[in-house]
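Chemist: Sharing input_16.pdb below, PDB, C-alpha atoms, pLDDT in the B column:
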```pdb
ATOM      1  CA  ALA A 272      85.089  61.394  86.087  1.00 74.00           C
ATOM      2  CA  GLU A 273      83.221  59.925  89.060  1.00 81.00           C
ATOM      3  CA  GLN A 274      85.551  56.928  89.327  1.00 88.00           C
ATOM      4  CA  GLU A 275      88.578  59.208  89.188  1.00 89.00           C
ATOM      5  CA  LEU A 276      87.062  61.287  91.987  1.00 87.00           C
ATOM      6  CA  ARG A 277      86.549  58.159  94.093  1.00 90.00           C
ATOM      7  CA  THR A 278      90.181  57.150  93.547  1.00 94.00           C
ATOM      8  CA  LEU A 279      91.521  60.614  94.441  1.00 92.00           C
ATOM      9  CA  ALA A 280      89.300  60.910  97.521  1.00 92.00           C
ATOM     10  CA  GLY A 281      90.309  57.439  98.679  1.00 94.00           C
ATOM     11  CA  ASP A 282      93.998  58.196  98.189  1.00 96.00           C
ATOM     12  CA  ALA A 283      93.687  61.518 100.073  1.00 94.00           C
ATOM     13  CA  ALA A 284      91.845  59.796 102.930  1.00 95.00           C
ATOM     14  CA  ALA A 285      94.528  57.109 103.101  1.00 96.00           C
ATOM     15  CA  LEU A 286      97.206  59.801 103.442  1.00 95.00           C
ATOM     16  CA  LEU A 287      95.257  61.185 106.388  1.00 95.00           C
ATOM     17  CA  GLY A 288      94.777  57.741 107.912  1.00 96.00           C
ATOM     18  CA  GLU A 289      91.029  57.869 107.377  1.00 96.00           C
ATOM     19  CA  PRO A 290      88.622  55.483 105.640  1.00 95.00           C
ATOM     20  CA  ALA A 291      87.606  56.291 102.080  1.00 93.00           C
ATOM     21  CA  PRO A 292      84.650  58.663 102.133  1.00 93.00           C
ATOM     22  CA  LYS A 293      81.209  57.820 100.871  1.00 91.00           C
ATOM     23  CA  LEU A 294      80.524  60.039  97.881  1.00 89.00           C
ATOM     24  CA  GLY A 295      76.837  59.430  97.241  1.00 86.00           C
ATOM     25  CA  HIS A 296      76.096  63.079  98.018  1.00 82.00           C
ATOM     26  CA  VAL A 297      78.659  64.370  95.504  1.00 82.00           C
ATOM     27  CA  THR A 298      77.641  65.831  92.163  1.00 77.00           C
ATOM     28  CA  VAL A 299      80.190  65.841  89.346  1.00 81.00           C
ATOM     29  CA  THR A 300      79.803  68.802  87.013  1.00 81.00           C
ATOM     30  CA  ASP A 301      81.715  70.459  84.222  1.00 82.00           C
ATOM     31  CA  ASP A 302      79.926  73.805  84.384  1.00 84.00           C
ATOM     32  CA  THR A 303      83.132  75.649  85.298  1.00 84.00           C
ATOM     33  CA  ILE A 304      84.668  75.019  81.867  1.00 85.00           C
ATOM     34  CA  GLY A 305      83.101  78.201  80.527  1.00 87.00           C
ATOM     35  CA  PRO A 306      83.613  78.837  76.821  1.00 90.00           C
ATOM     36  CA  GLY A 307      86.196  76.036  76.603  1.00 88.00           C
ATOM     37  CA  TYR A 308      89.201  74.207  77.989  1.00 85.00           C
ATOM     38  CA  GLY A 309      92.051  76.597  78.681  1.00 85.00           C
ATOM     39  CA  VAL A 310      89.865  79.639  78.017  1.00 89.00           C
ATOM     40  CA  PRO A 311      89.926  81.884  81.092  1.00 88.00           C
ATOM     41  CA  THR A 312      86.689  83.275  82.496  1.00 91.00           C
ATOM     42  CA  GLN A 313      86.169  86.500  84.405  1.00 91.00           C
ATOM     43  CA  ASP A 314      84.994  84.528  87.455  1.00 92.00           C
ATOM     44  CA  MET A 315      88.206  82.500  87.352  1.00 91.00           C
ATOM     45  CA  TRP A 316      90.365  85.658  87.233  1.00 92.00           C
ATOM     46  CA  SER A 317      88.434  87.014  90.193  1.00 93.00           C
ATOM     47  CA  VAL A 318      89.106  83.930  92.291  1.00 93.00           C
ATOM     48  CA  LEU A 319      92.788  83.810  91.237  1.00 90.00           C
ATOM     49  CA  LYS A 320      93.163  87.338  92.550  1.00 92.00           C
ATOM     50  CA  LEU A 321      91.266  86.438  95.747  1.00 93.00           C
ATOM     51  CA  PHE A 322      93.481  83.406  96.480  1.00 91.00           C
ATOM     52  CA  ALA A 323      96.659  85.361  95.710  1.00 89.00           C
ATOM     53  CA  GLU A 324      95.717  88.324  97.893  1.00 92.00           C
ATOM     54  CA  THR A 325      94.199  86.486 100.854  1.00 92.00           C
ATOM     55  CA  GLU A 326      96.125  83.215 100.938  1.00 88.00           C
ATOM     56  CA  GLY A 327      99.325  83.885  98.989  1.00 88.00           C
ATOM     57  CA  VAL A 328      98.436  80.949  96.737  1.00 88.00           C
ATOM     58  CA  ILE A 329      98.847  81.142  92.970  1.00 87.00           C
ATOM     59  CA  LEU A 330      96.372  79.022  91.022  1.00 89.00           C
ATOM     60  CA  ASP A 331      96.612  78.112  87.362  1.00 88.00           C
ATOM     61  CA  PRO A 332      93.901  79.403  85.010  1.00 86.00           C
ATOM     62  CA  VAL A 333      93.042  76.023  83.509  1.00 82.00           C
ATOM     63  CA  TYR A 334      92.365  73.592  86.342  1.00 83.00           C
ATOM     64  CA  THR A 335      92.721  74.942  89.863  1.00 88.00           C
ATOM     65  CA  GLY A 336      91.474  78.416  88.975  1.00 90.00           C
ATOM     66  CA  LYS A 337      88.211  77.138  87.555  1.00 90.00           C
ATOM     67  CA  ALA A 338      87.841  74.582  90.362  1.00 89.00           C
ATOM     68  CA  ALA A 339      88.407  77.338  92.930  1.00 92.00           C
ATOM     69  CA  ALA A 340      85.711  79.443  91.278  1.00 92.00           C
ATOM     70  CA  LYS A 341      83.246  76.608  91.884  1.00 90.00           C
ATOM     71  CA  PHE A 342      84.610  76.125  95.411  1.00 90.00           C
ATOM     72  CA  ARG A 343      83.971  79.805  96.164  1.00 92.00           C
ATOM     73  CA  GLU A 344      80.402  79.373  94.952  1.00 90.00           C
ATOM     74  CA  LEU A 345      79.633  76.166  96.855  1.00 87.00           C
ATOM     75  CA  ALA A 346      81.619  76.430 100.113  1.00 89.00           C
ATOM     76  CA  PRO A 347      79.376  79.043 101.770  1.00 90.00           C
ATOM     77  CA  GLN A 348      76.347  76.833 101.077  1.00 89.00           C
ATOM     78  CA  SER A 349      77.862  73.759 102.724  1.00 87.00           C
ATOM     79  CA  ASP A 350      76.740  72.574 106.126  1.00 88.00           C
ATOM     80  CA  VAL A 351      79.955  70.582 106.600  1.00 82.00           C
ATOM     81  CA  PRO A 352      83.597  71.746 106.547  1.00 83.00           C
ATOM     82  CA  VAL A 353      85.047  71.854 103.055  1.00 81.00           C
ATOM     83  CA  VAL A 354      88.661  71.723 101.903  1.00 84.00           C
ATOM     84  CA  PHE A 355      90.152  72.937  98.636  1.00 84.00           C
ATOM     85  CA  LEU A 356      93.011  70.635  97.678  1.00 81.00           C
ATOM     86  CA  HIS A 357      95.473  72.590  95.530  1.00 82.00           C
ATOM     87  CA  THR A 358      97.262  70.043  93.339  1.00 76.00           C
ATOM     88  CA  GLY A 359      99.777  72.390  91.769  1.00 75.00           C
ATOM     89  CA  GLY A 360      99.803  74.061  88.422  1.00 72.00           C
ATOM     90  CA  LEU A 361     101.941  77.129  89.063  1.00 74.00           C
ATOM     91  CA  PRO A 362     103.864  76.667  85.783  1.00 76.00           C
ATOM     92  CA  GLY A 363     100.543  76.837  83.940  1.00 77.00           C
ATOM     93  CA  PHE A 364      99.995  80.317  85.328  1.00 78.00           C
ATOM     94  CA  TYR A 365     102.967  81.694  83.418  1.00 77.00           C
ATOM     95  CA  GLY A 366     101.419  80.787  80.071  1.00 80.00           C
ATOM     96  CA  TYR A 367      98.693  83.280  80.891  1.00 80.00           C
ATOM     97  CA  ALA A 368     100.968  85.912  82.447  1.00 79.00           C
ATOM     98  CA  PRO A 369     100.241  88.748  79.996  1.00 77.00           C
ATOM     99  CA  GLU A 370      96.495  88.306  80.501  1.00 81.00           C
ATOM    100  CA  ALA A 371      96.957  87.891  84.255  1.00 78.00           C
ATOM    101  CA  VAL A 372      98.841  91.185  84.509  1.00 76.00           C
ATOM    102  CA  ALA A 373      95.899  92.930  82.882  1.00 77.00           C
ATOM    103  CA  GLN A 374      93.504  91.289  85.371  1.00 77.00           C
ATOM    104  CA  PHE A 375      95.482  91.996  88.520  1.00 76.00           C
TER     105      PHE A 375
END
```
Can you dump the structure from the file as structure tokens?
Modeler:
Amino acid sequence: AEQELRTLAGDAAALLGEPAPKLGHVTVTDDTIGPGYGVPTQDMWSVLKLFAETEGVILDPVYTGKAAAKFRELAPQSDVPVVFLHTGGLPGFYGYAPEAVAQF
């Protein structure tokens, strides 16, 4: 997972015309998985609603939703600017539509 992160960060930096970032301060964690892959959590539903209402951005419940839940937790604690890179996933949202309707 750490090597994949380095590759993605380097590619994103290259798109911005910047050098690849040093990632020694980064911690890779899987604590947002919750009870399992593809199993929504209440925190994830909360952040999906937040992003939809405040930003007009629909996140999927499997990847970006759980990543955004962690982002919401960590961003206020950061002493540097942070960016949430939404990589897509809208079609994944529709697989959870009945549950999403109940949450929203």
Chemist: Rounded to one decimal in Å, what is the spacing between CA of Ala291 (chain A) and CA of Phe355 (chain A)?
Modeler: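 Between these atoms lies a distance of 17.2 Å.
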Chemist: Contacts of Pro290 (chain A) at 12 Å or less, counting all atoms listed in the file, minus same-chain residues fewer than 6 places along, as a list of chain:residue names?
Modeler: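 Neighbouring residues, sequence-local ones excluded: A:Ala280, A:Gly281, A:Asp282, A:Ala283, A:Ala284.
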Chemist: Kindly export the residues of the current selection with C-alpha atoms, as a PDB file, in the frame of the given file.
Modeler:
```pdb
ATOM      1  CA  ALA A 280      89.300  60.910  97.521  1.00 92.00           C
ATOM      2  CA  GLY A 281      90.309  57.439  98.679  1.00 94.00           C
ATOM      3  CA  ASP A 282      93.998  58.196  98.189  1.00 96.00           C
ATOM      4  CA  ALA A 283      93.687  61.518 100.073  1.00 94.00           C
ATOM      5  CA  ALA A 284      91.845  59.796 102.930  1.00 95.00           C
TER       6      ALA A 284
END
```
Chemist: Taking 3 positions as the minimum chain separation for residues in the same chain, which residues sit within 12 Å of Tyr365 (chain A) when counting all atoms listed in the file? Answer as a PDB file with C-alpha atoms, in the frame of the given file.
Modeler:
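This went into around29.pdb:
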```
ATOM      1  CA  ILE A 329      98.847  81.142  92.970  1.00 87.00           C
ATOM      2  CA  LEU A 330      96.372  79.022  91.022  1.00 89.00           C
ATOM      3  CA  ASP A 331      96.612  78.112  87.362  1.00 88.00           C
ATOM      4  CA  PRO A 332      93.901  79.403  85.010  1.00 86.00           C
ATOM      5  CA  VAL A 333      93.042  76.023  83.509  1.00 82.00           C
ATOM      6  CA  GLY A 360      99.803  74.061  88.422  1.00 72.00           C
ATOM      7  CA  LEU A 361     101.941  77.129  89.063  1.00 74.00           C
ATOM      8  CA  PRO A 362     103.864  76.667  85.783  1.00 76.00           C
ATOM      9  CA  ALA A 368     100.968  85.912  82.447  1.00 79.00           C
ATOM     10  CA  PRO A 369     100.241  88.748  79.996  1.00 77.00           C
ATOM     11  CA  GLU A 370      96.495  88.306  80.501  1.00 81.00           C
ATOM     12  CA  ALA A 371      96.957  87.891  84.255  1.00 78.00           C
ATOM     13  CA  VAL A 372      98.841  91.185  84.509  1.00 76.00           C
TER      14      VAL A 372
END
```
Chemist: Evaluate the PyMOL selection byres ((chain A and resi 339) around 10) here and jot the selected residues down as a ChimeraX atom specification.
Modeler: /A:303,314-315,318-319,321-322,330-332,334-338,340-346,355-357
Chemist: For CA of Gly307 (chain A) and CA of Glu275 (chain A), quote the distance in Å rounded to one decimal.
Modeler: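 For CA of Gly307 (chain A) relative to CA of Glu275 (chain A), the distance reads 21.1 Å.
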Chemist: Which residue, A:Gly295, A:Phe375, A:Glu289, A:Pro352, has the smallest gap to Arg277 (chain A) when you use all atoms listed in the file?
Modeler: A:Gly295
Chemist: Using only C-alpha atoms, find the one residue out of A:Gly288, A:Thr278, A:Val299, A:Gly309 that sits nearest to Gly363 (chain A).
Modeler: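 Ranked by minimum distance to Gly363 (chain A), first place goes to A:Gly309.
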Chemist: May I ask for the distance between CA of Pro306 (chain A) and CA of Leu279 (chain A), given in Å to one decimal place?
Modeler: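 Distance reported for this atom pair: 26.6 Å.
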Chemist: Grab all the atoms of region 315-332 of chain A that the file lists, wrap them in a box along x, y and z, add 3 Å per side, and give me centre plus edge lengths in Å (one decimal) as AutoDock Vina command-line options.
Modeler:
```
--center_x 93.8 --center_y 83.2 --center_z 93.0 --size_x 17.1 --size_y 16.2 --size_z 21.9
```
Chemist: Between A:Ala373, A:Leu294, A:Leu287, A:Val328, which has the minimum distance to Trp316 (chain A) (counting only C-alpha atoms)?
Modeler: A:Ala373
